[in-house]
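Asker: One file is attached below, start-v5.cif, containing mmCIF, C-alpha atoms.
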data_target
loop_
_atom_site.label_atom_id
_atom_site.label_comp_id
_atom_site.auth_asym_id
_atom_site.auth_seq_id
_atom_site.Cartn_x
_atom_site.Cartn_y
_atom_site.Cartn_z
CA MET O 1 49.78 -37.37 60.97
CA GLN O 2 52.45 -36.52 58.44
CA PRO O 3 51.61 -39.34 55.95
CA PHE O 4 48.03 -38.10 55.77
CA SER O 5 48.88 -34.44 55.24
CA ILE O 6 50.44 -34.91 51.83
CA PRO O 7 47.49 -36.73 50.18
CA VAL O 8 45.04 -34.26 51.63
CA GLN O 9 47.03 -31.36 50.26
CA ILE O 10 47.26 -33.02 46.85
CA THR O 11 43.54 -33.67 46.89
CA LEU O 12 42.77 -30.05 47.71
CA GLN O 13 45.07 -28.82 44.98
CA GLY O 14 43.51 -31.18 42.45
CA SER O 15 40.03 -30.06 43.37
CA ARG O 16 41.03 -26.43 43.00
CA ARG O 17 42.47 -27.16 39.57
CA ARG O 18 39.32 -28.95 38.48
CA GLN O 19 37.21 -26.06 39.74
CA GLY O 20 39.39 -23.62 37.81
CA ARG O 21 39.08 -25.71 34.65
CA THR O 22 35.33 -25.94 34.92
CA ALA O 23 34.96 -22.27 35.77
CA PHE O 24 36.50 -21.00 32.53
CA PRO O 25 34.31 -23.03 30.15
CA ALA O 26 31.25 -22.10 32.18
CA SER O 27 32.00 -18.44 31.77
CA GLY O 28 32.72 -18.97 28.10
CA LYS O 29 29.46 -20.87 27.69
CA LYS O 30 27.57 -18.10 29.47
CA ARG O 31 29.09 -15.53 27.16
CA GLU O 32 28.24 -17.65 24.16
CA THR O 33 24.65 -18.09 25.33
CA ASP O 34 24.31 -14.36 25.91
CA TYR O 35 25.23 -13.70 22.28
CA SER O 36 23.57 -16.80 20.89
CA ASP O 37 20.16 -15.98 22.41
CA GLY O 38 19.87 -12.98 20.17
CA ASP O 39 21.74 -10.23 18.51
CA PRO O 40 22.90 -7.63 21.05
CA LEU O 41 21.61 -5.02 18.65
CA ASP O 42 18.08 -6.24 19.35
CA VAL O 43 18.61 -5.61 23.04
CA HIS O 44 19.85 -2.10 22.30
CA LYS O 45 16.88 -1.53 20.05
CA ARG O 46 14.55 -2.45 22.87
CA LEU O 47 16.35 -0.30 25.40
CA SER O 48 17.04 2.74 23.19
CA SER O 49 13.51 4.15 23.49
CA SER O 50 12.90 6.10 26.71
CA ALA O 51 9.72 7.58 28.14
CA GLY O 52 10.63 11.08 26.99
CA GLU O 53 11.28 9.89 23.45
CA ASP O 54 7.97 8.03 23.36
CA ARG O 55 6.14 11.16 24.50
CA ALA O 56 7.94 13.24 21.88
CA VAL O 57 6.94 10.79 19.14
CA LEU O 58 3.33 10.84 20.35
CA LEU O 59 3.41 14.65 20.35
CA GLY O 60 4.73 14.68 16.78
CA PHE O 61 2.05 12.30 15.52
CA ALA O 62 -0.63 14.28 17.40
CA MET O 63 0.54 17.50 15.73
CA MET O 64 0.43 15.87 12.30
CA GLY O 65 -3.06 14.49 12.94
CA PHE O 66 -4.26 17.88 14.17
CA SER O 67 -2.84 19.58 11.07
CA VAL O 68 -4.70 17.13 8.81
CA LEU O 69 -7.91 17.89 10.74
CA MET O 70 -7.27 21.63 10.35
CA PHE O 71 -6.78 21.17 6.59
CA PHE O 72 -10.10 19.34 6.38
CA LEU O 73 -12.10 21.83 8.45
CA LEU O 74 -10.63 25.00 6.96
CA GLY O 75 -10.80 23.53 3.47
CA THR O 76 -14.52 22.82 3.74
CA THR O 77 -15.45 26.06 5.50
CA ILE O 78 -13.17 28.64 3.86
CA LEU O 79 -11.08 27.28 1.00
CA LYS O 80 -13.88 25.53 -0.85
CA PRO O 81 -16.27 28.55 -0.82
CA PHE O 82 -13.39 30.80 -1.86
CA MET O 83 -12.42 28.56 -4.78
CA LEU O 84 -16.01 28.03 -5.90
CA SER O 85 -16.93 31.70 -5.67
CA ALA O 86 -16.37 33.86 -8.71
CA GLN O 87 -13.26 36.01 -8.77
CA ARG O 88 -14.38 39.56 -8.14
CA GLU O 89 -12.59 42.68 -9.23
CA GLU O 90 -12.51 45.98 -7.39
CA SER O 91 -14.40 48.96 -8.74
CA THR O 92 -16.26 52.06 -7.52
CA CYS O 93 -19.99 52.29 -6.95
CA THR O 94 -22.44 55.12 -6.37
CA ALA O 95 -25.60 54.65 -4.32
CA ILE O 96 -28.71 55.48 -6.31
CA HIS O 97 -31.64 54.35 -4.21
CA THR O 98 -32.19 52.63 -0.84
CA ASP O 99 -35.51 51.20 0.24
CA ILE O 100 -37.03 48.93 2.88
CA MET O 101 -39.52 46.51 1.42
CA ASP O 102 -43.00 46.39 2.88
CA HIS O 103 -43.02 42.62 2.94
CA TRP O 104 -40.95 41.28 5.81
CA LEU O 105 -39.20 37.93 5.43
CA ASP O 106 -39.53 34.96 7.76
CA CYS O 107 -36.68 33.78 9.98
CA THR O 108 -36.12 31.31 12.82
CA PHE O 109 -34.46 31.98 16.15
CA THR O 110 -33.62 29.86 19.20
CA CYS O 111 -34.98 30.74 22.63
CA GLY O 112 -33.55 27.81 24.59
CA VAL O 113 -32.23 24.27 24.35
CA HIS O 114 -35.42 22.79 22.90
CA CYS O 115 -37.13 26.03 21.95
CA ARG O 116 -37.37 27.60 18.51
CA GLY O 117 -39.40 30.62 17.52
CA GLN O 118 -40.54 32.24 14.29
CA GLY O 119 -39.81 35.88 13.50
CA LYS O 120 -39.61 38.39 10.66
CA TYR O 121 -36.95 40.84 9.54
CA PRO O 122 -37.07 43.80 7.11
CA CYS O 123 -35.42 43.47 3.72
CA LEU O 124 -33.19 46.43 2.87
CA GLN O 125 -32.36 46.93 -0.80
CA VAL O 126 -29.51 49.16 -1.99
CA LEU O 127 -29.31 49.98 -5.69
CA VAL O 128 -25.92 51.18 -6.93
CA ASN O 129 -24.35 52.23 -10.20
CA LEU O 130 -21.02 50.75 -11.35
CA THR O 131 -18.72 53.59 -12.35
CA HIS O 132 -16.66 51.75 -14.98
CA SER O 133 -19.65 50.36 -16.92
CA GLY O 134 -22.63 52.48 -15.82
CA GLN O 135 -24.58 49.29 -15.01
CA LYS O 136 -27.11 49.24 -12.19
CA ALA O 137 -26.88 46.42 -9.65
CA LEU O 138 -28.00 45.41 -6.17
CA LEU O 139 -25.44 45.88 -3.46
CA HIS O 140 -24.83 43.13 -0.87
CA TYR O 141 -22.69 43.11 2.23
CA ASN O 142 -20.51 40.08 1.30
CA GLU O 143 -20.59 36.74 -0.57
CA GLU O 144 -22.53 35.06 2.23
CA ALA O 145 -25.33 37.63 1.98
CA VAL O 146 -25.65 36.89 -1.74
CA GLN O 147 -26.05 33.16 -1.06
CA ILE O 148 -28.54 33.59 1.79
CA ASN O 149 -30.84 36.14 0.18
CA PRO O 150 -29.91 37.70 -3.21
CA LYS O 151 -32.65 40.34 -2.88
CA CYS O 152 -31.55 42.00 0.38
CA PHE O 153 -28.41 43.87 1.38
CA TYR O 154 -27.86 41.69 4.46
CA THR O 155 -29.68 39.25 6.75
CA PRO O 156 -29.75 40.42 10.39
CA LYS O 157 -29.73 38.12 13.38
CA CYS O 158 -33.28 36.93 13.92
CA HIS O 159 -35.03 37.66 17.24
CA GLN O 160 -38.45 38.73 18.51
CA ASP O 161 -37.82 42.47 18.85
CA ARG O 162 -39.17 43.86 15.58
CA ASN O 163 -38.38 47.46 16.55
CA ASP O 164 -34.70 46.65 17.01
CA LEU O 165 -34.54 44.99 13.58
CA LEU O 166 -36.28 47.96 11.98
CA ASN O 167 -33.97 50.49 13.67
CA SER O 168 -30.83 48.65 12.46
CA ALA O 169 -32.19 48.64 8.88
CA LEU O 170 -33.00 52.36 9.13
CA ASP O 171 -29.48 53.16 10.34
CA ILE O 172 -27.95 51.41 7.31
CA LYS O 173 -30.42 53.17 5.00
CA GLU O 174 -29.45 56.53 6.47
CA PHE O 175 -25.75 55.75 5.98
CA PHE O 176 -26.22 55.09 2.25
CA ASP O 177 -28.53 58.09 1.89
CA HIS O 178 -25.71 60.32 3.10
CA LYS O 179 -23.41 58.73 0.50
CA ASN O 180 -25.79 59.58 -2.34
CA GLY O 181 -23.59 60.69 -5.21
CA THR O 182 -20.33 59.84 -3.41
CA PRO O 183 -18.41 56.90 -4.97
CA PHE O 184 -17.14 54.13 -2.68
CA SER O 185 -15.22 50.92 -3.23
CA CYS O 186 -17.09 47.76 -4.21
CA PHE O 187 -16.43 44.40 -5.88
CA TYR O 188 -18.14 42.92 -8.91
CA SER O 189 -17.84 39.71 -10.91
CA PRO O 190 -16.95 40.35 -14.56
CA ASP O 191 -17.66 36.76 -15.67
CA SER O 192 -21.00 36.46 -13.90
CA GLN O 193 -24.21 37.61 -15.56
CA SER O 194 -25.96 38.21 -12.23
CA GLU O 195 -26.32 41.86 -11.28
CA ASP O 196 -24.94 41.63 -7.76
CA VAL O 197 -22.15 43.66 -6.20
CA ILE O 198 -20.62 43.16 -2.76
CA LEU O 199 -19.34 45.80 -0.40
CA ILE O 200 -16.51 43.78 1.24
CA LYS O 201 -14.89 40.42 0.64
CA LYS O 202 -15.34 37.88 3.39
CA TYR O 203 -12.41 35.72 2.29
CA ASP O 204 -9.41 37.57 0.93
CA GLN O 205 -5.92 36.44 0.04
CA MET O 206 -4.64 36.92 3.58
CA ALA O 207 -7.30 34.62 5.01
CA ILE O 208 -6.36 31.93 2.49
CA PHE O 209 -2.68 32.38 3.42
CA HIS O 210 -3.43 31.82 7.11
CA CYS O 211 -5.60 28.80 6.31
CA LEU O 212 -2.68 27.18 4.49
CA PHE O 213 0.27 28.45 6.54
CA TRP O 214 -0.64 27.37 10.08
CA PRO O 215 -1.70 23.78 9.28
CA SER O 216 1.41 23.37 7.11
CA LEU O 217 3.59 24.70 9.92
CA THR O 218 1.99 22.30 12.41
CA LEU O 219 2.48 19.37 10.03
CA LEU O 220 6.12 20.30 9.44
CA GLY O 221 6.76 20.68 13.18
CA GLY O 222 5.28 17.26 13.97
CA ALA O 223 7.27 15.57 11.21
CA LEU O 224 10.43 17.33 12.41
CA ILE O 225 9.92 16.12 16.00
CA VAL O 226 9.39 12.52 14.90
CA GLY O 227 12.38 12.68 12.56
CA MET O 228 14.70 14.11 15.24
CA VAL O 229 13.68 11.43 17.75
CA ARG O 230 14.25 8.66 15.21
CA LEU O 231 17.63 10.14 14.27
CA THR O 232 18.66 10.32 17.93
CA GLN O 233 17.67 6.69 18.47
CA HIS O 234 19.61 5.63 15.38
CA LEU O 235 22.74 7.49 16.50
CA SER O 236 22.51 6.00 20.00
CA LEU O 237 22.16 2.55 18.43
CA LEU O 238 25.29 3.11 16.36
CA CYS O 239 27.19 4.28 19.46
CA GLU O 240 26.12 1.19 21.40
CA LYS O 241 27.16 -1.04 18.51
CA TYR O 242 30.57 0.63 18.29
CA SER O 243 31.13 0.40 22.05
CA THR O 244 30.21 -3.30 21.99
CA VAL O 245 32.70 -4.02 19.20
CA VAL O 246 35.46 -2.11 20.97
CA ARG O 247 34.69 -3.91 24.26
CA ASP O 248 34.92 -7.28 22.57
CA GLU O 249 38.23 -6.39 20.90
CA VAL O 250 39.75 -5.16 24.15
CA GLY O 251 38.48 -8.26 25.99
CA GLY O 252 40.17 -10.51 23.41
CA LYS O 253 43.52 -8.71 23.65
CA LEU O 254 43.78 -8.73 27.46
CA PRO O 255 44.60 -12.46 27.86
CA TYR O 256 47.34 -12.19 25.23
CA ILE O 257 48.86 -9.17 26.98
CA GLY O 258 48.77 -10.98 30.32
CA GLN O 259 50.53 -14.01 28.89
CA HIS O 260 53.20 -11.81 27.33
CA GLN O 261 53.80 -9.99 30.63
CA PHE O 262 54.03 -13.32 32.46
CA LYS O 263 56.62 -14.59 29.99
CA LEU O 264 58.72 -11.45 30.40
CA TRP O 265 58.50 -11.73 34.18
CA SER O 266 59.53 -15.39 34.13
CA MET O 267 62.44 -14.67 31.80
CA ARG O 268 63.67 -11.86 34.05
CA ARG O 269 63.35 -14.08 37.08
CA SER O 270 65.34 -16.90 35.45
CA LYS O 271 68.07 -14.48 34.40
CA GLY O 272 68.27 -13.14 37.91
CA ARG O 273 68.65 -16.63 39.38
CA SER O 274 71.37 -17.54 36.89
CA ARG O 275 73.30 -14.40 37.72
CA GLU O 276 72.98 -15.14 41.44
CA ILE O 277 74.22 -18.69 40.95
CA LEU O 278 77.21 -17.50 38.92
CA ARG O 279 78.02 -14.92 41.57
CA LEU O 280 77.95 -17.49 44.40
CA TRP O 281 79.80 -20.14 42.45
CA PRO O 282 83.30 -20.55 43.87
CA ASN O 283 86.15 -19.35 41.72
#
Just give me the structure of the file as structure tokens.
Answerer:
Amino acid sequence: MQPFSIPVQITLQGSRRRQGRTAFPASGKKRETDYSDGDPLDVHKRLSSSAGEDRAVLLGFAMMGFSVLMFFLLGTTILKPFMLSAQREESTCTAIHTDIMDHWLDCTFTCGVHCRGQGKYPCLQVLVNLTHSGQKALLHYNEEAVQINPKCFYTPKCHQDRNDLLNSALDIKEFFDHKNGTPFSCFYSPDSQSEDVILIKKYDQMAIFHCLFWPSLTLLGGALIVGMVRLTQHLSLLCEKYSTVVRDEVGGKLPYIGQHQFKLWSMRRSKGRSREILRLWPN
């Protein structure tokens, strides 16, 4: 049994050595394939975006799209009429004569989903005198009333109740009758040749400010969210790149340090053996 034990032991040791030799290149090949398949930065780029970041980016783009829609809607409904309308200056007016015309004007009202009815409303005219020029002009409620019907003070909401429409016109007539001879604030257009004066402005400077401020704020907030998310992703990518470089450098230095420690240990061991031999050597 003894002659067979030595070859078996040698065979086992040789197989272990061959396994150790093949294991190191395999690991090295695996590491090379991991880096050769693609740049590790591409992997980090794919993994750097989380669900929360994606939702934040979508929120930012949604805010920017909503702000563009607000610019379009408010620009067509408020900004465009304000820019196209003549610039009116403030003045004082004095009511001269108020009258309800005998001829009522036609209007249309809705009585259901697929129902439309025809009605009539009284036309109230208010004649005023501009204090600064002494010119007589028709007074209107606002710019919209001038565009709808330049002959009447205002256009009431159309419905079937004629008595209600007449009572509202009489109330306004009574209000201006009490102001007969009392000046009140009004707005006129110095560049326009039309003799129309409005009582109040529908779109003033504050309305224009709000129409421009809130969409701009929404657009800026959306752009800020998207920019912050992109900046966070870029910084995380740089951190991952730096950590990968440091990991590779430390991994390359460890084998050298191990070899150096092994050499020091072997040198110390040889010195210890030599000292022991010299101590036991007979004088």
Asker: Using the chain letters and numbers from the file, which residues does the PyMOL selection byres ((chain O and resi 97-100) around 10) grab, as a count of residues only?
Answerer: 29
Asker: With distances taken over only C-alpha atoms, which residue among O:Leu212, O:Leu199, O:Cys186, O:Cys93 lies nearest Gly134 (chain O)?
Answerer: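 Using only C-alpha atoms, the shortest distance to Gly134 (chain O) belongs to O:Cys93.
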Asker: Tell me which of O:Phe213, O:Tyr188, O:Tyr203, O:Phe71 sits closest to Ser133 (chain O), counting all atoms listed in the file.
Answerer: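 Under the stated criterion, the closest residue is O:Tyr188.
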Asker: Closest to Pro183 (chain O) among O:Lys120, O:His159, O:His114, O:His132, using only C-alpha atoms?
Answerer: O:His132
Asker: Convert the output of the PyMOL selection byres ((chain O and resi 155) around 10) on the shown file into explicit residues, formatted as a PDB file with C-alpha atoms, keeping the file's coordinate frame.
Answerer:
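Result went into result_19.pdb, see below:
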ATOM      1  CA  LEU O 105     -39.200  37.930   5.430  1.00  0.00           C
ATOM      2  CA  CYS O 107     -36.680  33.780   9.980  1.00  0.00           C
ATOM      3  CA  TYR O 121     -36.950  40.840   9.540  1.00  0.00           C
ATOM      4  CA  PRO O 122     -37.070  43.800   7.110  1.00  0.00           C
ATOM      5  CA  CYS O 123     -35.420  43.470   3.720  1.00  0.00           C
ATOM      6  CA  LEU O 124     -33.190  46.430   2.870  1.00  0.00           C
ATOM      7  CA  HIS O 140     -24.830  43.130  -0.870  1.00  0.00           C
ATOM      8  CA  TYR O 141     -22.690  43.110   2.230  1.00  0.00           C
ATOM      9  CA  GLU O 144     -22.530  35.060   2.230  1.00  0.00           C
ATOM     10  CA  ALA O 145     -25.330  37.630   1.980  1.00  0.00           C
ATOM     11  CA  VAL O 146     -25.650  36.890  -1.740  1.00  0.00           C
ATOM     12  CA  ILE O 148     -28.540  33.590   1.790  1.00  0.00           C
ATOM     13  CA  ASN O 149     -30.840  36.140   0.180  1.00  0.00           C
ATOM     14  CA  CYS O 152     -31.550  42.000   0.380  1.00  0.00           C
ATOM     15  CA  PHE O 153     -28.410  43.870   1.380  1.00  0.00           C
ATOM     16  CA  TYR O 154     -27.860  41.690   4.460  1.00  0.00           C
ATOM     17  CA  PRO O 156     -29.750  40.420  10.390  1.00  0.00           C
ATOM     18  CA  LYS O 157     -29.730  38.120  13.380  1.00  0.00           C
ATOM     19  CA  CYS O 158     -33.280  36.930  13.920  1.00  0.00           C
ATOM     20  CA  ALA O 169     -32.190  48.640   8.880  1.00  0.00           C
TER      21      ALA O 169
END
Asker: Hey, can you check how far CA of Asp54 (chain O) sits from CA of Ser236 (chain O)?
Answerer: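 The value is 15.1 Å.
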Asker: How would you write, as a count of residues only, the residues chosen by the PyMOL selection byres ((chain O and resi 65-69) around 10) on this structure?
Answerer: 21
Asker: So how far away is CA of Cys211 (chain O) from CA of Arg55 (chain O), in Å?
Answerer: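 If I compute the distance from CA of Arg55 (chain O) to CA of Cys211 (chain O), I get 27.9 Å.
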Asker: With only C-alpha atoms as the basis for distance, which of O:Thr92, O:Thr244, O:Gln135, O:Gln118 is at the shortest distance from Thr182 (chain O)?
Answerer: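 Looking only at the distances to Thr182 (chain O), the closest residue turns out to be O:Thr92.
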Asker: I'd like the neighbourhood of Ala56 (chain O) as a PyMOL selection string, where a residue qualifies if any of its atoms comes within 8 Å (using all atoms listed in the file), though same-chain residues fewer than 6 positions away should be ignored.
Answerer: chain O and resi 225-226+229
Asker: As an exercise, work out the distance from CA of Arg88 (chain O) to CA of Ile208 (chain O) in Å and give it to one decimal place.
Answerer: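 Distance reported for this atom pair: 15.3 Å.
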